[in-house]
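J.: Please find one structure pasted underneath; my questions will follow.
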Amino acid sequence: MLSLPKKVTIIEVGPRDGLQNEKQLVTTEDKLQFIAGLQLAGVEEMELTSFVSPKWVPQMGDSKEIVTETKKAGRQFVLTPNERGINAAREAGADALAVFVGVSDSFNKKNINKSTAESMEALKPLILQLKEDDVFIRACISTAFYCPFEGAIKPEDTISLCRQFVDWGVDELSVADTIGMANPAESYGLFHQLIETFPGTLITAHFHDTRKMALANIFAALQAGVDRFDTSAGGLGGCPFAPGATGNVATEDVVNMLHRMDIRTGIDLEELYKAIDKIEPHVSNPINTGMYTLYKNRA
């Protein structure tokens with residue numbers, strides 16, 4: 001007998017992960033309309049923005065405005081890569097922060113010019129202090145399955161990194177197939193181990209659809225007991241180290257699959273399409289995910 005959760009939480013990452021690498025600058029007002037549309041569709045958890053240097057990520061230069069102008073509805077994350085970002089996010093009123101580290105040293109150095117161990121050493125006192133202040137912390141684990149430089153990542157290495165975060169009291173682990181190379185057997189295996197090893201921690205799966213296996217990997221993770229998934233409306237976003245990558249798995253495709261399996265998400269697909277309509281004119285590439293394309297052809 002197939003055992004699947006009755007309800008799944010979707011964490012929408014489009015406004016941050018989806019737009020951060022967008023070359024065409026999206027205005028603050030257009031981002032806010034996109035976010036409001038996602039909230040209207042029933043999205044309760046969302047990555048809003050990232051507190052990084054506008055010099056390096058110009059698209060996220062309006063992070064303070066995004067936080068202060070967004071209607072408070074559910075849990076809203078902001079990405080904070082360092083102490084400066086954490087302080088700026090807290091000053092803006094953010095109360096749910098996300099930090100990130102790659103299991104792969106090579107990937108981590110390419111991203112932030114630090115080894116994995118150096119990143120963890122810098123994050124530890126910050127996380128411990130934030131937990132004393134009762135701030136919700138989400139740890140994003142990059143290259144949990146494969147690295148573009150080192151190849152396959154050993155599951156025990158991913159679990160070891162996750163254990164450090166859990167020991168420091170983080171609330172959630174978002175475990176990512178960063179370059180979209182995982183297969184369903186690997187998805188089931190790693191997430192089954194994570195759920196068994198860290199029963200008191202929220203476990204979230206984050207898949208990219210580079211090789212068109214994201215939905216299959218999500219189904220495998222569901223069977224392993226995962227009931228939280230990062231997705232991006234319109235499939236926006238992607239990994240800069242995976243040429244031709246099609247980005248994050250599309251929220252609308254995941255929600256459609258879950259609903260057809262009688263798994264509740266609380267998200268209204270019709271309103272979700274309208275939210276994507278709001279952002280599509282402001283991104284460089286046309287949005288052609290499965291369900292959104294059907295919606296556009298129907299209209």
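Ligands are numbered from 1 in the order shown, residues from 1 within each chain, and chains are lettered A, B, ... in the order they appear in the structure tokens.
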Just list the residues in stretch 74-270 of chain A DSSP gives strand (DSSP E or B) on the backbone, as a PyMOL selection string.

T.: chain A and resi 75-79+96-102+136-142+146-147+151-152+172-177+202-208+228-232+248+250+264

J.: Deliver the residues from the most recent selection as a file, using C-alpha atoms, as a short mmCIF file (atom, residue, chain, number, x, y, z; two decimals), in the first residue's frame.

T.:
data_model
loop_
_atom_site.label_atom_id
_atom_site.label_comp_id
_atom_site.auth_asym_id
_atom_site.auth_seq_id
_atom_site.Cartn_x
_atom_site.Cartn_y
_atom_site.Cartn_z
CA ARG A 75 6.14 32.51 7.17
CA GLN A 76 8.24 34.75 4.95
CA PHE A 77 11.94 33.95 4.55
CA VAL A 78 14.79 36.19 3.52
CA LEU A 79 18.20 34.86 2.53
CA ALA A 96 12.49 34.10 9.46
CA LEU A 97 15.99 33.89 8.01
CA ALA A 98 17.66 31.48 5.61
CA VAL A 99 21.38 30.71 5.49
CA PHE A 100 23.13 28.55 2.92
CA VAL A 101 26.17 26.29 2.66
CA GLY A 102 27.30 23.85 -0.01
CA PHE A 136 13.19 30.93 12.78
CA ILE A 137 16.25 29.61 10.91
CA ARG A 138 16.16 27.72 7.64
CA ALA A 139 19.44 26.12 6.54
CA CYS A 140 19.72 25.67 2.77
CA ILE A 141 22.02 22.77 1.89
CA SER A 142 23.41 23.14 -1.64
CA TYR A 146 25.88 16.24 -6.98
CA CYS A 147 28.43 18.99 -7.53
CA GLY A 151 30.60 14.90 -9.10
CA ALA A 152 28.53 12.67 -6.79
CA GLU A 172 14.42 23.62 8.95
CA LEU A 173 16.76 21.92 6.49
CA SER A 174 16.13 22.72 2.82
CA VAL A 175 18.12 20.05 0.98
CA ALA A 176 18.83 20.84 -2.66
CA ASP A 177 19.55 18.94 -5.84
CA LEU A 202 11.49 20.25 9.32
CA ILE A 203 12.87 18.57 6.20
CA THR A 204 12.25 20.30 2.86
CA ALA A 205 13.22 19.05 -0.60
CA HIS A 206 14.45 21.46 -3.26
CA PHE A 207 14.68 20.11 -6.82
CA HIS A 208 15.79 21.62 -10.12
CA ARG A 228 7.57 20.21 2.36
CA PHE A 229 8.89 21.28 -1.06
CA ASP A 230 10.55 24.38 -2.46
CA THR A 231 9.07 25.34 -5.84
CA SER A 232 9.14 28.39 -8.10
CA ASN A 248 13.57 25.32 -10.33
CA ALA A 250 7.51 24.86 -11.36
CA ARG A 264 -3.89 19.10 -0.27
#

J.: For A:Glu65, work out the shell of residues within 9 Å, counting only C-alpha atoms and skipping chain neighbours fewer than 3 positions away, then give it as a ChimeraX atom specification.

T.: /A:28,62,68-70,92

J.: Just want the 6 Å neighbourhood of stretch 31-46 of chain A, counted on only C-alpha atoms, with same-chain residues fewer than 6 positions away dropped. Output as a PyMOL selection string.

T.: chain A and resi 11-13+74-76+266-268+271-272+275+278-279

J.: Hey, can you check how far atom CA of A:Ser119 sits from atom CA of A:Asp105?

T.: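 Atom CA of A:Asp105 lies 9.8 Å from atom CA of A:Ser119.
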
J.: With only C-alpha atoms as the atoms that count, which of A:Ala94, A:Met291, A:Ile153, A:Ile195 lies nearest to A:Thr251?

T.: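 Checking each of A:Ala94, A:Met291, A:Ile153, A:Ile195 against A:Thr251, counting only C-alpha atoms, the winner is A:Met291.
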
J.: List as a list in words the protein and nucleic acid residues near A:Leu126, meaning an atom at most 9 Å away when only C-alpha atoms are counted, but skip any in the same chain fewer than 5 places from it.

T.: Asn82, Glu83, Ile86 and Lys131 of chain A

J.: Next, write the just-selected residues to a file, as a PDB file, in the first residue's frame, keeping all heavy atoms as the atom set.

T.:
ATOM      1  N   ASN A  82      25.476  36.410   5.403  1.00  0.00           N
ATOM      2  CA  ASN A  82      26.529  36.758   6.360  1.00  0.00           C
ATOM      3  C   ASN A  82      25.969  37.655   7.461  1.00  0.00           C
ATOM      4  O   ASN A  82      24.765  37.958   7.481  1.00  0.00           O
ATOM      5  CB  ASN A  82      27.689  37.456   5.641  1.00  0.00           C
ATOM      6  CG  ASN A  82      27.207  38.613   4.768  1.00  0.00           C
ATOM      7  OD1 ASN A  82      26.282  39.331   5.129  1.00  0.00           O
ATOM      8  ND2 ASN A  82      27.828  38.775   3.614  1.00  0.00           N
ATOM      9  N   GLU A  83      26.851  38.074   8.371  1.00  0.00           N
ATOM     10  CA  GLU A  83      26.415  38.883   9.517  1.00  0.00           C
ATOM     11  C   GLU A  83      25.804  40.202   9.077  1.00  0.00           C
ATOM     12  O   GLU A  83      24.795  40.644   9.637  1.00  0.00           O
ATOM     13  CB  GLU A  83      27.602  39.132  10.452  1.00  0.00           C
ATOM     14  CG  GLU A  83      27.215  39.856  11.727  1.00  0.00           C
ATOM     15  CD  GLU A  83      28.358  39.958  12.726  1.00  0.00           C
ATOM     16  OE1 GLU A  83      29.507  39.626  12.348  1.00  0.00           O
ATOM     17  OE2 GLU A  83      28.108  40.358  13.878  1.00  0.00           O
ATOM     18  N   ILE A  86      22.326  39.495   7.889  1.00  0.00           N
ATOM     19  CA  ILE A  86      21.461  39.162   9.022  1.00  0.00           C
ATOM     20  C   ILE A  86      21.026  40.427   9.746  1.00  0.00           C
ATOM     21  O   ILE A  86      19.837  40.619  10.058  1.00  0.00           O
ATOM     22  CB  ILE A  86      22.179  38.192   9.976  1.00  0.00           C
ATOM     23  CG1 ILE A  86      22.264  36.803   9.345  1.00  0.00           C
ATOM     24  CG2 ILE A  86      21.455  38.118  11.328  1.00  0.00           C
ATOM     25  CD1 ILE A  86      23.145  35.821  10.111  1.00  0.00           C
ATOM     26  N   LYS A 131      18.988  31.986  17.506  1.00  0.00           N
ATOM     27  CA  LYS A 131      18.088  31.059  18.182  1.00  0.00           C
ATOM     28  C   LYS A 131      17.797  31.537  19.609  1.00  0.00           C
ATOM     29  O   LYS A 131      16.691  31.335  20.118  1.00  0.00           O
ATOM     30  CB  LYS A 131      18.662  29.642  18.186  1.00  0.00           C
ATOM     31  CG  LYS A 131      18.656  28.948  16.817  1.00  0.00           C
ATOM     32  CD  LYS A 131      17.340  29.115  16.054  1.00  0.00           C
ATOM     33  CE  LYS A 131      16.146  28.584  16.812  1.00  0.00           C
ATOM     34  NZ  LYS A 131      14.861  28.864  16.127  1.00  0.00           N
TER      35      LYS A 131
END
